[in-house]
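Text of structure.cif, listed as mmCIF, C-alpha atoms and all ligand atoms:
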```cif
data_work
#
loop_
_atom_site.label_atom_id
_atom_site.label_comp_id
_atom_site.auth_asym_id
_atom_site.auth_seq_id
_atom_site.Cartn_x
_atom_site.Cartn_y
_atom_site.Cartn_z
CA MET Z 1 48.15 79.82 151.30
CA THR Z 2 45.80 79.93 148.35
CA THR Z 3 47.32 77.80 145.62
CA THR Z 4 45.84 77.22 142.19
CA ARG Z 5 47.11 75.58 139.06
CA PHE Z 6 46.52 75.58 135.35
CA ALA Z 7 47.09 72.05 134.07
CA PRO Z 8 47.13 71.79 130.29
CA SER Z 9 48.15 68.65 128.43
CA PRO Z 10 50.83 69.60 125.91
CA THR Z 11 49.07 67.86 123.05
CA GLY Z 12 48.13 70.98 121.09
CA TYR Z 13 47.94 74.76 121.20
CA ILE Z 14 45.80 76.24 123.92
CA HIS Z 15 42.60 78.03 122.91
CA VAL Z 16 40.05 80.44 124.34
CA GLY Z 17 38.39 77.65 126.32
CA ASN Z 18 41.68 76.79 128.06
CA LEU Z 19 42.34 80.46 128.59
CA ARG Z 20 39.17 80.80 130.61
CA THR Z 21 40.43 78.07 132.96
CA ALA Z 22 43.92 79.53 133.14
CA LEU Z 23 42.70 83.04 133.79
CA MET Z 24 40.28 82.12 136.54
CA ASN Z 25 42.93 80.13 138.37
CA PHE Z 26 45.46 82.90 137.89
CA LEU Z 27 43.10 85.61 139.16
CA ILE Z 28 42.08 83.61 142.24
CA ALA Z 29 45.72 83.10 143.20
CA ARG Z 30 46.72 86.71 142.57
CA LYS Z 31 43.70 88.16 144.33
CA ALA Z 32 44.53 86.13 147.43
CA GLY Z 33 48.25 86.89 147.23
CA GLY Z 34 48.75 83.17 146.69
CA GLN Z 35 50.59 80.95 144.29
CA PHE Z 36 49.80 80.02 140.69
CA ILE Z 37 51.34 76.81 139.35
CA LEU Z 38 51.69 75.90 135.70
CA ARG Z 39 51.36 72.13 135.68
CA ILE Z 40 52.18 70.30 132.51
CA ASP Z 41 50.03 67.16 132.32
CA ASP Z 42 52.37 65.10 130.19
CA THR Z 43 51.92 61.52 131.37
CA ASP Z 44 51.06 60.47 127.82
CA PRO Z 45 54.47 60.27 126.12
CA ASP Z 46 53.03 59.62 122.67
CA ARG Z 47 50.78 62.65 122.50
CA SER Z 48 52.79 65.13 124.59
CA LYS Z 49 55.16 67.32 122.58
CA GLU Z 50 57.87 69.67 123.78
CA GLU Z 51 56.93 72.24 121.17
CA TYR Z 52 53.48 72.50 122.75
CA VAL Z 53 55.00 72.98 126.20
CA ASP Z 54 56.97 75.91 124.78
CA ALA Z 55 53.93 77.23 122.95
CA ILE Z 56 51.76 77.11 126.08
CA LYS Z 57 54.38 79.06 128.01
CA ALA Z 58 54.76 81.61 125.22
CA ASP Z 59 51.00 82.10 125.01
CA LEU Z 60 50.63 82.61 128.75
CA GLU Z 61 53.55 85.02 128.79
CA TRP Z 62 52.09 87.01 125.92
CA LEU Z 63 48.99 87.46 128.06
CA GLY Z 64 50.95 88.34 131.18
CA LEU Z 65 49.68 85.28 133.07
CA HIS Z 66 52.96 84.62 134.84
CA TRP Z 67 53.27 81.50 136.95
CA ASP Z 68 55.20 81.05 140.17
CA LYS Z 69 56.46 77.62 139.28
CA VAL Z 70 56.25 74.91 136.66
CA GLU Z 71 55.61 71.28 137.53
CA ARG Z 72 55.72 68.41 135.09
CA GLN Z 73 53.87 65.19 135.66
CA SER Z 74 56.47 63.22 133.72
CA ASP Z 75 58.96 64.11 136.50
CA ARG Z 76 56.69 62.71 139.19
CA LEU Z 77 55.96 59.15 138.10
CA ASP Z 78 57.48 57.75 141.31
CA ARG Z 79 54.92 59.75 143.32
CA TYR Z 80 52.08 58.22 141.34
CA GLU Z 81 53.60 54.79 141.79
CA ALA Z 82 53.71 55.36 145.56
CA ALA Z 83 50.07 56.46 145.61
CA ALA Z 84 49.08 53.43 143.53
CA GLY Z 85 50.87 51.19 146.04
CA LYS Z 86 48.95 52.80 148.87
CA LEU Z 87 45.61 52.26 147.14
CA ARG Z 88 46.55 48.65 146.43
CA ASP Z 89 47.46 48.05 150.07
CA MET Z 90 44.13 49.46 151.16
CA GLY Z 91 42.22 47.17 148.84
CA ARG Z 92 40.86 50.12 146.84
CA PHE Z 93 42.65 49.20 143.64
CA TYR Z 94 42.02 46.23 141.40
CA GLU Z 95 43.26 44.89 138.11
CA ALA Z 96 40.77 44.31 135.32
CA PHE Z 97 41.36 42.60 132.00
CA GLU Z 98 38.35 43.32 129.79
CA THR Z 99 39.19 44.41 126.27
CA PRO Z 100 37.58 47.58 124.91
CA THR Z 101 35.31 45.41 122.78
CA GLU Z 102 34.16 43.42 125.79
CA LEU Z 103 33.46 46.59 127.73
CA ASP Z 104 31.52 47.96 124.82
CA LEU Z 105 29.40 44.84 124.66
CA LYS Z 106 28.68 45.03 128.39
CA ARG Z 107 27.61 48.65 128.02
CA LYS Z 108 25.29 47.85 125.13
CA LYS Z 109 23.65 45.05 127.10
CA GLN Z 110 23.14 47.32 130.11
CA LEU Z 111 21.63 50.03 127.94
CA ASN Z 112 19.31 47.51 126.29
CA MET Z 113 18.10 46.50 129.72
CA GLY Z 114 17.53 50.15 130.62
CA LYS Z 115 20.42 50.17 133.08
CA PRO Z 116 23.15 52.82 133.34
CA PRO Z 117 26.33 51.70 131.52
CA VAL Z 118 28.48 51.36 134.63
CA TYR Z 119 31.39 48.89 134.87
CA ASP Z 120 30.03 45.75 136.56
CA ARG Z 121 33.17 45.04 138.65
CA ALA Z 122 33.43 41.54 137.21
CA ALA Z 123 37.20 41.70 137.80
CA LEU Z 124 36.62 41.80 141.56
CA THR Z 125 35.35 38.23 141.52
CA LEU Z 126 38.38 36.79 139.69
CA SER Z 127 40.37 34.20 141.61
CA ASP Z 128 44.16 34.45 141.75
CA GLU Z 129 44.45 31.66 139.21
CA GLU Z 130 42.02 33.32 136.82
CA ARG Z 131 43.93 36.58 137.12
CA GLU Z 132 47.21 34.84 136.40
CA ALA Z 133 45.70 33.10 133.40
CA LEU Z 134 44.29 36.35 132.03
CA ARG Z 135 47.57 38.14 132.56
CA ALA Z 136 49.43 35.38 130.75
CA GLU Z 137 46.98 35.59 127.89
CA ARG Z 138 46.40 39.34 127.62
CA GLY Z 139 49.29 41.02 129.42
CA ASN Z 140 48.85 43.39 132.34
CA GLY Z 141 45.36 44.63 133.02
CA VAL Z 142 44.21 48.16 133.78
CA TRP Z 143 43.97 49.29 137.39
CA ARG Z 144 40.64 50.57 138.60
CA PHE Z 145 39.89 52.51 141.75
CA LYS Z 146 37.09 50.95 143.77
CA LEU Z 147 34.56 53.65 144.51
CA GLU Z 148 32.61 53.62 147.75
CA HIS Z 149 28.98 53.49 146.67
CA GLU Z 150 27.63 56.55 148.43
CA ARG Z 151 26.67 60.07 147.41
CA ILE Z 152 29.68 62.26 146.76
CA GLU Z 153 28.91 65.88 147.58
CA TRP Z 154 30.70 69.20 147.43
CA GLU Z 155 29.98 72.93 147.45
CA ASP Z 156 30.99 73.99 143.99
CA GLY Z 157 32.25 77.56 143.64
CA ILE Z 158 30.09 78.06 140.56
CA LEU Z 159 27.56 75.23 140.43
CA GLY Z 160 26.65 75.43 144.12
CA HIS Z 161 25.81 72.28 146.07
CA THR Z 162 26.66 69.32 143.84
CA SER Z 163 26.02 65.67 144.50
CA ILE Z 164 26.77 62.59 142.45
CA ASP Z 165 25.79 59.02 143.26
CA ALA Z 166 29.02 57.03 143.07
CA ALA Z 167 27.05 53.95 142.04
CA SER Z 168 26.21 55.74 138.77
CA VAL Z 169 29.89 56.07 137.89
CA SER Z 170 32.27 53.34 136.69
CA ASP Z 171 35.28 52.63 138.87
CA PRO Z 172 37.82 54.87 137.15
CA VAL Z 173 40.83 53.39 135.41
CA LEU Z 174 43.91 55.04 136.92
CA ILE Z 175 46.66 53.00 135.27
CA ARG Z 176 46.59 51.65 131.75
CA GLY Z 177 47.70 48.16 130.78
CA ASP Z 178 51.01 49.55 129.53
CA GLY Z 179 51.64 51.11 132.94
CA GLN Z 180 50.83 54.67 131.97
CA PHE Z 181 49.32 56.70 134.83
CA LEU Z 182 46.16 58.41 133.83
CA TYR Z 183 45.25 61.99 134.53
CA THR Z 184 42.75 61.23 137.31
CA LEU Z 185 45.35 59.73 139.64
CA ALA Z 186 48.23 62.00 138.66
CA SER Z 187 46.11 65.08 139.14
CA VAL Z 188 44.94 64.02 142.59
CA VAL Z 189 48.46 63.22 143.78
CA ASP Z 190 49.72 66.57 142.49
CA ASP Z 191 46.86 68.61 143.89
CA THR Z 192 47.34 66.96 147.27
CA GLU Z 193 51.13 67.13 147.43
CA MET Z 194 51.38 70.63 145.97
CA GLY Z 195 48.89 72.02 148.44
CA VAL Z 196 46.41 73.10 145.79
CA THR Z 197 43.52 74.80 147.58
CA HIS Z 198 41.27 75.77 144.66
CA VAL Z 199 40.64 73.90 141.45
CA VAL Z 200 38.76 75.70 138.70
CA ARG Z 201 38.13 73.76 135.51
CA GLY Z 202 35.51 73.15 132.87
CA SER Z 203 32.20 71.51 133.68
CA ASP Z 204 33.26 68.50 131.59
CA HIS Z 205 35.25 67.52 134.71
CA VAL Z 206 32.34 67.32 137.16
CA THR Z 207 32.25 63.50 137.21
CA ASN Z 208 36.04 63.39 137.54
CA THR Z 209 35.71 65.59 140.56
CA ALA Z 210 33.38 63.13 142.24
CA THR Z 211 35.83 60.25 141.78
CA GLN Z 212 38.82 62.42 142.63
CA ILE Z 213 37.25 63.41 145.95
CA GLN Z 214 37.11 59.76 146.94
CA ILE Z 215 40.67 59.13 145.80
CA ILE Z 216 41.94 62.16 147.75
CA GLN Z 217 40.11 60.94 150.84
CA ALA Z 218 41.53 57.44 150.40
CA LEU Z 219 45.05 58.88 150.16
CA GLY Z 220 44.45 61.05 153.20
CA GLY Z 221 44.80 64.39 151.40
CA ASN Z 222 42.86 67.63 151.76
CA VAL Z 223 40.00 68.05 149.33
CA PRO Z 224 40.41 71.41 147.57
CA SER Z 225 37.53 73.76 146.74
CA PHE Z 226 36.22 72.96 143.30
CA ALA Z 227 34.55 75.27 140.83
CA HIS Z 228 33.41 74.19 137.38
CA HIS Z 229 32.88 76.87 134.80
CA SER Z 230 30.50 76.39 131.92
CA LEU Z 231 31.82 75.51 128.49
CA LEU Z 232 32.01 78.10 125.75
CA THR Z 233 29.69 77.91 122.78
CA GLY Z 234 29.65 79.88 119.55
CA PRO Z 235 27.55 83.06 119.26
CA GLN Z 236 24.42 81.05 118.33
CA GLY Z 237 24.90 78.58 121.15
CA GLU Z 238 26.49 76.04 118.81
CA SER Z 239 29.22 73.75 120.11
CA LEU Z 240 32.67 75.23 119.82
CA SER Z 241 34.57 71.98 120.15
CA LYS Z 242 35.26 71.64 116.43
CA ARG Z 243 36.12 75.29 115.99
CA LEU Z 244 38.40 75.61 119.00
CA GLY Z 245 41.32 74.73 116.76
CA THR Z 246 40.82 78.02 114.98
CA LEU Z 247 40.46 79.88 118.25
CA SER Z 248 43.95 79.12 119.48
CA LEU Z 249 45.67 81.92 121.36
CA ARG Z 250 48.34 81.76 118.66
CA ASP Z 251 45.88 82.57 115.92
CA LEU Z 252 44.18 85.28 117.93
CA ARG Z 253 47.53 86.88 118.59
CA ALA Z 254 48.43 86.71 114.89
CA SER Z 255 45.10 88.30 114.02
CA GLY Z 256 46.13 91.31 116.07
CA VAL Z 257 44.02 90.82 119.19
CA GLU Z 258 45.49 92.72 122.14
CA PRO Z 259 46.15 90.68 125.30
CA MET Z 260 44.16 92.97 127.59
CA ALA Z 261 41.19 92.85 125.19
CA LEU Z 262 41.17 89.09 125.43
CA LEU Z 263 41.68 89.05 129.19
CA SER Z 264 39.04 91.73 129.83
CA LEU Z 265 36.46 89.76 127.87
CA MET Z 266 37.35 86.42 129.41
CA ALA Z 267 37.37 87.74 132.98
CA ARG Z 268 33.70 88.66 132.66
CA LEU Z 269 32.14 86.51 129.95
CA GLY Z 270 29.51 84.29 131.55
CA SER Z 271 29.39 86.33 134.75
CA ALA Z 272 26.65 88.61 136.00
CA ASP Z 273 28.96 91.62 135.62
CA PRO Z 274 29.38 93.51 132.36
CA VAL Z 275 32.59 93.29 130.35
CA GLU Z 276 34.79 96.25 131.25
CA LEU Z 277 37.91 97.06 129.30
CA ARG Z 278 40.86 96.92 131.69
CA THR Z 279 44.25 98.16 130.73
CA ASP Z 280 46.20 96.73 133.59
CA MET Z 281 46.32 93.44 135.38
CA ALA Z 282 45.80 94.91 138.85
CA GLU Z 283 42.35 96.19 137.82
CA LEU Z 284 41.49 92.87 136.28
CA ILE Z 285 42.43 91.05 139.49
CA GLU Z 286 40.52 93.54 141.63
CA GLY Z 287 37.36 93.22 139.52
CA PHE Z 288 37.26 89.42 139.46
CA ASP Z 289 34.75 87.44 141.50
CA ILE Z 290 34.17 83.79 140.70
CA THR Z 291 30.87 83.70 142.57
CA ARG Z 292 29.42 85.99 139.87
CA PHE Z 293 29.75 83.27 137.20
CA GLY Z 294 26.79 81.16 136.14
CA ALA Z 295 26.44 77.52 135.14
CA ALA Z 296 24.75 78.14 131.78
CA PRO Z 297 26.82 77.66 128.61
CA THR Z 298 28.65 80.86 127.76
CA LYS Z 299 28.44 82.36 124.30
CA PHE Z 300 31.71 83.50 122.86
CA ASP Z 301 31.97 85.63 119.74
CA VAL Z 302 35.49 86.22 118.51
CA ASN Z 303 34.28 89.45 116.88
CA ASP Z 304 33.80 90.98 120.33
CA LEU Z 305 37.57 91.08 120.71
CA TYR Z 306 38.16 93.56 117.92
CA PRO Z 307 36.26 96.62 119.19
CA LEU Z 308 38.02 96.13 122.54
CA THR Z 309 41.36 95.87 120.75
CA ALA Z 310 40.61 99.05 118.80
CA ARG Z 311 39.77 100.91 122.03
CA ILE Z 312 43.08 99.88 123.55
CA LEU Z 313 45.00 101.05 120.49
CA HIS Z 314 43.24 104.43 120.42
CA GLU Z 315 44.85 105.17 123.77
CA ARG Z 316 48.27 103.80 122.94
CA SER Z 317 51.21 106.22 122.97
CA PHE Z 318 53.62 106.58 120.09
CA ASP Z 319 56.47 105.32 122.24
CA GLU Z 320 54.74 101.99 122.76
CA VAL Z 321 54.32 101.33 119.05
CA LYS Z 322 57.33 103.01 117.47
CA ASP Z 323 59.20 99.76 116.90
CA GLN Z 324 56.31 98.18 115.08
CA ILE Z 325 55.90 101.31 112.98
CA ALA Z 326 59.59 101.26 112.07
CA ASP Z 327 59.21 97.56 111.17
CA ILE Z 328 56.68 98.28 108.45
CA GLY Z 329 59.06 100.80 106.87
CA VAL Z 330 57.72 104.19 107.96
CA PRO Z 331 60.66 106.64 108.01
CA ASP Z 332 61.48 108.14 111.42
CA ASP Z 333 60.51 111.69 110.48
CA LEU Z 334 56.98 110.61 109.56
CA ALA Z 335 56.48 107.92 112.21
CA GLU Z 336 54.83 109.96 114.95
CA ARG Z 337 52.50 111.75 112.57
CA PHE Z 338 51.68 108.41 110.98
CA TRP Z 339 50.59 107.04 114.38
CA THR Z 340 48.53 110.12 115.26
CA VAL Z 341 46.72 109.85 111.95
CA THR Z 342 46.10 106.12 111.93
CA ARG Z 343 45.53 105.07 115.52
CA GLU Z 344 41.86 106.03 115.57
CA ASN Z 345 41.34 104.35 112.23
CA ILE Z 346 42.66 100.90 112.91
CA THR Z 347 41.16 97.83 114.56
CA THR Z 348 44.43 96.01 115.12
CA LEU Z 349 48.08 96.92 114.61
CA ASN Z 350 48.03 94.62 111.58
CA ASP Z 351 46.02 97.33 109.80
CA LEU Z 352 48.96 99.72 109.92
CA SER Z 353 50.75 98.22 106.96
CA ALA Z 354 47.78 98.78 104.66
CA TRP Z 355 47.70 102.43 105.74
CA TRP Z 356 51.39 102.85 105.11
CA GLU Z 357 51.06 101.21 101.72
CA MET Z 358 48.36 103.71 100.85
CA PHE Z 359 50.44 106.69 102.00
CA HIS Z 360 53.54 105.41 100.34
CA ASP Z 361 52.23 104.21 96.99
CA GLY Z 362 49.26 106.53 96.75
CA ALA Z 363 45.63 105.46 96.62
CA GLU Z 364 43.69 104.74 93.46
CA PRO Z 365 41.69 107.95 93.12
CA VAL Z 366 37.91 107.77 93.27
CA ILE Z 367 36.43 110.60 91.21
CA ASP Z 368 32.72 110.89 90.44
CA ASP Z 369 31.84 111.98 86.90
CA GLU Z 370 30.44 115.33 88.00
CA ASP Z 371 33.63 116.10 89.94
CA GLU Z 372 36.12 115.37 87.19
CA GLU Z 373 36.68 118.93 86.10
CA PHE Z 374 36.72 120.19 89.65
CA VAL Z 375 39.32 117.65 90.77
CA ALA Z 376 41.51 118.39 87.76
CA GLU Z 377 41.41 122.09 88.57
CA ALA Z 378 42.17 121.44 92.24
CA MET Z 379 45.11 119.17 91.40
CA ALA Z 380 46.59 121.87 89.24
CA LEU Z 381 46.57 124.12 92.29
CA LEU Z 382 48.25 121.58 94.58
CA PRO Z 383 51.87 122.64 95.10
CA GLU Z 384 54.74 120.18 94.96
CA GLY Z 385 55.52 118.40 98.25
CA PRO Z 386 56.73 117.92 100.86
CA TYR Z 387 53.62 119.05 102.67
CA ASP Z 388 53.11 120.09 106.24
CA GLY Z 389 50.15 120.52 108.57
CA GLU Z 390 49.26 123.85 106.92
CA THR Z 391 49.18 122.70 103.31
CA TRP Z 392 45.65 121.29 103.27
CA GLY Z 393 44.12 124.48 104.67
CA GLN Z 394 46.02 126.70 102.26
CA TRP Z 395 45.31 124.51 99.27
CA THR Z 396 41.57 124.08 99.90
CA ALA Z 397 41.26 127.87 100.45
CA ALA Z 398 42.84 128.42 97.05
CA VAL Z 399 40.58 125.77 95.47
CA LYS Z 400 37.52 127.35 97.05
CA GLU Z 401 38.47 130.73 95.67
CA ALA Z 402 39.11 129.37 92.18
CA THR Z 403 36.02 127.14 91.91
CA GLY Z 404 33.47 128.65 94.26
CA ARG Z 405 32.87 125.26 95.90
CA LYS Z 406 32.67 124.97 99.65
CA GLY Z 407 31.87 122.58 102.52
CA ARG Z 408 31.27 118.94 101.66
CA GLY Z 409 31.16 119.61 97.92
CA LEU Z 410 34.68 120.96 98.20
CA PHE Z 411 36.28 118.56 100.67
CA MET Z 412 34.71 115.19 99.85
CA PRO Z 413 35.81 114.93 96.20
CA LEU Z 414 39.35 115.88 97.25
CA ARG Z 415 39.42 113.28 100.01
CA LYS Z 416 38.18 110.59 97.59
CA ALA Z 417 40.66 111.66 94.92
CA LEU Z 418 43.59 111.57 97.35
CA THR Z 419 42.76 108.56 99.51
CA GLY Z 420 40.24 106.57 97.45
CA GLN Z 421 37.90 106.59 100.47
CA SER Z 422 35.00 108.71 101.61
CA HIS Z 423 35.98 108.65 105.26
CA GLY Z 424 39.19 108.53 107.23
CA PRO Z 425 41.53 110.67 109.24
CA ASP Z 426 41.80 114.44 109.21
CA MET Z 427 43.04 115.44 105.75
CA ALA Z 428 45.31 118.16 107.12
CA GLN Z 429 47.21 115.33 108.84
CA VAL Z 430 46.95 112.93 105.92
CA LEU Z 431 48.38 115.17 103.24
CA PRO Z 432 51.91 115.42 104.71
CA LEU Z 433 52.04 111.62 104.79
CA LEU Z 434 51.17 111.13 101.14
CA GLN Z 435 54.32 110.16 99.31
CA ASN Z 436 52.55 109.77 96.01
CA ILE Z 437 49.37 111.33 94.71
CA LYS Z 438 48.04 109.37 91.78
CA ALA Z 439 45.26 111.86 91.11
CA LYS Z 440 47.93 114.45 90.32
CA GLY Z 441 48.87 112.36 87.29
N1 LIG L 1 45.05 68.15 131.99
C1 LIG L 1 43.66 68.26 132.35
C2 LIG L 1 42.90 68.87 131.20
O1 LIG L 1 43.50 69.43 130.35
C3 LIG L 1 43.55 69.11 133.60
C4 LIG L 1 42.18 69.13 134.20
C5 LIG L 1 42.20 69.70 135.59
O2 LIG L 1 42.27 70.93 135.70
O3 LIG L 1 42.18 68.97 136.55
O4 LIG L 1 41.71 68.72 131.09
#
```
What is this structure when it is put down as structure tokens?
Ligand code: GLU
Amino acid sequence: MTTTRFAPSPTGYIHVGNLRTALMNFLIARKAGGQFILRIDDTDPDRSKEEYVDAIKADLEWLGLHWDKVERQSDRLDRYEAAAGKLRDMGRFYEAFETPTELDLKRKKQLNMGKPPVYDRAALTLSDEEREALRAERGNGVWRFKLEHERIEWEDGILGHTSIDAASVSDPVLIRGDGQFLYTLASVVDDTEMGVTHVVRGSDHVTNTATQIQIIQALGGNVPSFAHHSLLTGPQGESLSKRLGTLSLRDLRASGVEPMALLSLMARLGSADPVELRTDMAELIEGFDITRFGAAPTKFDVNDLYPLTARILHERSFDEVKDQIADIGVPDDLAERFWTVTRENITTLNDLSAWWEMFHDGAEPVIDDEDEEFVAEAMALLPEGPYDGETWGQWTAAVKEATGRKGRGLFMPLRKALTGQSHGPDMAQVLPLLQNIKAKG
């Protein structure tokens, strides 16, 4: 069975970059009728926070990316311990005691000599006595996995044939001195034991993949299919890493972005296919094809989400929004008309409250000098409310008759006087919603 997973570390809110990973894994599983696991990578007890676990779940649920099961790495430490024991027994695991400063110095020396800064495996030559002495002096060392120095190759679902020379990579540290299991080992054990068949993640993990393939093979597991998507950049190709904090799903949601707008964009951004606005998940799943994605960095512009959001809202029925409309204080008898009038004139649902404020309090009139007399005359002809759908037609006919104005010269000054704007919804619909007309004085 096709099994994928989304594996965030609960050390912060998830952002558009994470969403891309989550969505691709979700769509692959759903398209194949398989299983999608939410895996919480929480082996770091200092940085992992329960509130972020909850936030990640809430964000995924908001988007409709439902998972089939949740796994937590903190519940599986015994599994990692068992795998570590296996690697030790095989002679593929060794303890090393260099301090970060020492490692740094080694790297600098290598770079000065024009060599790649790869760990020199000095720890492998330690005698038992030396190891004991170092342990007594410095405490437990880190545990490194001994790579086989050969080319590590795989067919990447996005990058195509990929090959990395293991000799150009340092033996990865899998356990810290304080005993904490690091992601590389935990992830491999989970992927193997949970039967993960496809791993999609960002291209910053390509080197990890090379080392993980060797660890999986050493542990006797099945190597999943890997695909590494490109990283997102800003609209000008600038790095997004610093700005990702402001592109959290939380903030996008608060800004009024609609889930399907976000998903529709993310399911196609960076692929050879155009972005198509989808309104249901089944269409999104159907239209997804990972082989259409390219390796080049993908430009993401948050502003692209708003026209898509507006298009979704233009189609939305009154029933679907009536609670939100009630929440901003629109009385029941005006609510449906309010939605009909505003839905084509909003970008997000957040815009509704400004519209209601305008209808409720009345807009500051905009009256050009040459229209002052005309507007005053027109206002005198405006009957007392409440108004209905006929009032505007009847009133403007009377104004036309009295002043001789017609067309734009008649309608535009009245629109500006009533709404303070030169464009907007049909005035016949607007007038019955106006609870206060400042221009009337
Ligand atoms: N917790 C890892 C991360 O957030 C997961 C990477 C992976 O998908 O293997 O980068």
Could you give me, as CSV, every chain Z residue with an atom at most 7 Å from ligand LIG 1 (chain L), plus its closest atom pair and distance in Å to one decimal, counting only C-alpha atoms and all ligand atoms, rows ordered by chain then number?
```
residue,atom,partner,partner_atom,distance
Z:Phe6,CA,L:LIG1,O2,6.3
Z:Ala7,CA,L:LIG1,C3,4.6
Z:Pro8,CA,L:LIG1,O1,4.3
Z:Ser9,CA,L:LIG1,N1,4.7
Z:Asp41,CA,L:LIG1,N1,5.1
Z:Tyr183,CA,L:LIG1,N1,6.7
Z:Ser187,CA,L:LIG1,O3,6.1
Z:Val199,CA,L:LIG1,O2,6.7
Z:Val200,CA,L:LIG1,O2,6.6
Z:Arg201,CA,L:LIG1,O2,5.0
```
Could you write those residues out with C-alpha atoms, as a compact mmCIF listing (two decimals), in the coordinates of the input?
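Listed below is the output, selection04.txt:
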```
# COMPACT_ATOMS: atom_id res chain seq x y z
CA PHE Z 6 46.52 75.58 135.35
CA ALA Z 7 47.09 72.05 134.07
CA PRO Z 8 47.13 71.79 130.29
CA SER Z 9 48.15 68.65 128.43
CA ASP Z 41 50.03 67.16 132.32
CA TYR Z 183 45.25 61.99 134.53
CA SER Z 187 46.11 65.08 139.14
CA VAL Z 199 40.64 73.90 141.45
CA VAL Z 200 38.76 75.70 138.70
CA ARG Z 201 38.13 73.76 135.51
```
Have a look at Z:Gly139, Z:Pro432, Z:Gly64, Z:Gly362 and name the one nearest to Glu98 in chain Z; count all atoms listed in the file. Z:Gly139
Quick one: which range 293-316 of chain Z residues come within 12 Å of range 202-220 of chain Z, and what is the nearest atom pair for each with the distance in Å to one decimal, counting all atoms listed in the file, rows ordered by chain and ascending number, as JSON lines?
```
{"residue": "Z:Gly294", "atom": "CA", "partner": "Z:Ser203", "partner_atom": "CA", "distance": 11.3}
{"residue": "Z:Ala295", "atom": "CA", "partner": "Z:Ser203", "partner_atom": "CA", "distance": 8.5}
{"residue": "Z:Ala296", "atom": "CA", "partner": "Z:Ser203", "partner_atom": "CA", "distance": 10.2}
{"residue": "Z:Pro297", "atom": "CA", "partner": "Z:Ser203", "partner_atom": "CA", "distance": 9.6}
{"residue": "Z:Thr298", "atom": "CA", "partner": "Z:Gly202", "partner_atom": "CA", "distance": 11.5}
```
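Between Leu174 in chain Z and the candidates Z:Asp42, Z:Glu155, Z:Asp323, Z:Glu95, the tightest atom-to-atom separation, counting only C-alpha atoms, involves Z:Glu95.
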Top pick for closest residue to Ala363 in chain Z, considering Z:Leu434, Z:Ala136, Z:Leu244, Z:Ala22 and counting all atoms listed in the file: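 Of all the options, Z:Leu434 lies closest to Ala363 in chain Z.
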Work out how far CA of Glu258 in chain Z is from CA of Asp280 in chain Z, in Å to one decimal.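 These two atoms are separated by 12.2 Å.
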